[in-house]
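**Student:** Right, I'll just put the structure down here and ask away after.
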Amino acid sequence: AVERKPARHFVDIWQSHYAAARANGMKMPDSVVEIGPGGAVGVGFCALLAGARRYVGLDEVDHASQSLNTEIFEELIRLEDWSGISRERIEAIGLAIRNQPNLLGIELRYKTPMVAAAEVESGSVDFLISSVVMEHVDNITDTYELCARLLKPDGMMSHLIDFSCHGTANRWNGHWCYDSDTWRKIRGDRPYLLNRAPCSAHLETIAKLPFEITSTKRETRTDGLVRSDLATEFTNLSDEDLTTRSVQIQARRLPEEQVSTPN
């Protein structure tokens, strides 16, 4: 079953992504893509209420629930955050939820699996976001390359990444104490669990692509594993990686003329 989160949860997520991107120079985006929204596209509703025209949610597994989304949207529009939004926009979003045309041309789409991203036009997205998703994707390089393909030149991406163990160990970063064989057994036949990539792996991967990293905001903890607890394949983790509990990474998609090419 899809966990039912309150409308305020989605407002807070949207505002954290958008406020940071606006501080980095982004204007209100026309087209927003969210990777891994899950069953509730509440963040998408917030983007459309705030002024975006198009929202696309991309998921590997179909969690969509139209009844849940309708509930969340009705709860959202009762919040004071949206009290100044026109009735016309609210009605247009309501029609878009039901995949019906509307006078404002507002679009809301939910596509699975991730290969369905091929249906989103390259270079058509202003703002691409994810919240506690990038720690789950099996191949972060492929996913960041997808971000680069979808974003317009000067478009922004914003990823909130959670490096905790997600209940797989007794300590918050205890997933780094398991060797590969043990981890395969823990994952079992789940479609996804954790990729166990540390913060530096995300930053290094983004740096190799046509992006300029504009901000990194870390939350750290020092009460987890110590270096002697680490599995052999993680003994080279830096102290910064070992204590990074979460990070919000924002990056700007460089125009082609600003992308440096190797000699």
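Residue numbers start at 1 in each chain; chains themselves are named A, B, ... in the order of the structure tokens; ligands are numbered from 1 in the order shown.
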Fewer than 5 positions away in the same chain doesn't count, so skip those; otherwise give me all residues within 9 Å of Cys147 (chain A), counting only C-alpha atoms, as a list in words.
**Tutor:**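 The contact residues come out as Leu128, Asp142, Met157 and Arg253 of chain A.
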**Student:** Write the residues of the preceding selection, restricted to C-alpha atoms, as a compact mmCIF listing (two decimals), in the first residue's frame.
**Tutor:**
# COMPACT_ATOMS: atom_id res chain seq x y z
CA LEU A 128 14.27 18.19 -12.68
CA ASP A 142 22.70 6.29 -16.40
CA MET A 157 18.33 19.73 -11.33
CA ARG A 253 22.79 22.02 -17.25
**Student:** Which residues are close to Ala118 (chain A), i.e. within 10 Å by only C-alpha atoms, leaving aside same-chain residues fewer than 4 positions away? Reply as a PyMOL selection string.
**Tutor:** chain A and resi 114+122+146+149-150
**Student:** Env of Gly123 (chain A): 9 Å cut, atoms = only C-alpha atoms, seq-sep filter 3 positions within chain, self excluded. Answer as a list in words.
**Tutor:** Val120, Asp126, Ala148, Arg149, Leu150, Leu151, Lys152, Pro153 and Gly155 of chain A
**Student:** Take the residues from that selection and write them out as an mmCIF file, in the first residue's frame, keeping N, CA and C atoms.
**Tutor:**
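Everything below was put into again-v2.cif:
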data_model
loop_
_atom_site.group_PDB
_atom_site.id
_atom_site.type_symbol
_atom_site.label_atom_id
_atom_site.label_comp_id
_atom_site.auth_asym_id
_atom_site.auth_seq_id
_atom_site.Cartn_x
_atom_site.Cartn_y
_atom_site.Cartn_z
ATOM 1 N N VAL A 120 9.842 11.613 -23.227
ATOM 2 C CA VAL A 120 10.002 13.031 -22.886
ATOM 3 C C VAL A 120 11.061 13.617 -23.807
ATOM 4 N N ASP A 126 12.789 22.322 -17.725
ATOM 5 C CA ASP A 126 13.417 23.450 -17.026
ATOM 6 C C ASP A 126 13.961 23.052 -15.660
ATOM 7 N N ALA A 148 20.750 14.943 -17.775
ATOM 8 C CA ALA A 148 21.424 15.834 -18.717
ATOM 9 C C ALA A 148 20.705 15.862 -20.055
ATOM 10 N N ARG A 149 20.182 14.721 -20.482
ATOM 11 C CA ARG A 149 19.481 14.675 -21.772
ATOM 12 C C ARG A 149 18.166 15.445 -21.727
ATOM 13 N N LEU A 150 17.449 15.329 -20.629
ATOM 14 C CA LEU A 150 16.118 15.939 -20.553
ATOM 15 C C LEU A 150 16.160 17.448 -20.356
ATOM 16 N N LEU A 151 17.168 17.938 -19.646
ATOM 17 C CA LEU A 151 17.182 19.353 -19.270
ATOM 18 C C LEU A 151 17.535 20.263 -20.438
ATOM 19 N N LYS A 152 16.892 21.427 -20.438
ATOM 20 C CA LYS A 152 17.253 22.487 -21.371
ATOM 21 C C LYS A 152 18.624 23.051 -20.978
ATOM 22 N N PRO A 153 19.325 23.681 -21.903
ATOM 23 C CA PRO A 153 20.512 24.443 -21.509
ATOM 24 C C PRO A 153 20.130 25.456 -20.427
ATOM 25 N N GLY A 155 18.908 24.697 -17.674
ATOM 26 C CA GLY A 155 17.941 24.082 -16.776
ATOM 27 C C GLY A 155 18.631 23.597 -15.508
#
**Student:** Just want the 7 Å neighbourhood of region 247-251 of chain A, counted on only C-alpha atoms, with same-chain residues fewer than 4 positions away dropped. Output as a list in words.
**Tutor:**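 Counting only the stated atoms, we get Met156, Met157, Ser158, His159, Leu160, Ile161, Asp162, Phe211, Glu212, Ile213, Thr214, Ser215, Thr216, Lys217, Arg218 and Glu219 of chain A.
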**Student:** For region 100-112 of chain A, work out the shell of residues within 7 Å, counting only C-alpha atoms and skipping chain neighbours fewer than 5 positions away, then give it as a PyMOL selection string.
**Tutor:** chain A and resi 53-62+92-93+95
**Student:** When DSSP works through the backbone of this structure, what residues of region 71-261 of chain A end up as helix (DSSP H, G or I), shown as a PyMOL selection string?
**Tutor:** chain A and resi 71-76+80-82+87-97+114-119+140-150+174-177+180-187+199-207+227-229+232-234+239-243+256-258
**Student:** To one decimal place in Å, what is the distance between CA of Ser131 (chain A) and CA of Ala64 (chain A)?
**Tutor:**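 Between these atoms lies a distance of 16.8 Å.
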**Student:** Using only C-alpha atoms, can you tell me which of A:Lys185, A:Thr143, A:Trp176, A:Val32 comes closest to Ser228 (chain A)?
**Tutor:**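 Checking each of A:Lys185, A:Thr143, A:Trp176, A:Val32 against Ser228 (chain A), counting only C-alpha atoms, the winner is A:Trp176.
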**Student:** Name all residues at most 12 Å from Ser200 (chain A) (count only C-alpha atoms; drop same-chain ones fewer than 3 positions away) and give them as a ChimeraX atom specification.
**Tutor:** /A:161,163,196-197,203-207,216,218,236-244,246-247,249
**Student:** Nearest to Val132 (chain A): which of A:His166, A:Lys208, A:Arg221, A:Arg98 is it, counting only C-alpha atoms?
**Tutor:** A:His166
**Student:** Ranking A:Pro113, A:Val133, A:Met28, A:Ala19 by minimum distance to His63 (chain A) and counting only C-alpha atoms, which one comes first?
**Tutor:**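 Ranked by minimum distance to His63 (chain A), first place goes to A:Pro113.
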**Student:** Distance CA of Arg184 (chain A)-CA of Glu135 (chain A), one decimal place?
**Tutor:**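 Between CA of Arg184 (chain A) and CA of Glu135 (chain A) the gap works out to 16.0 Å.
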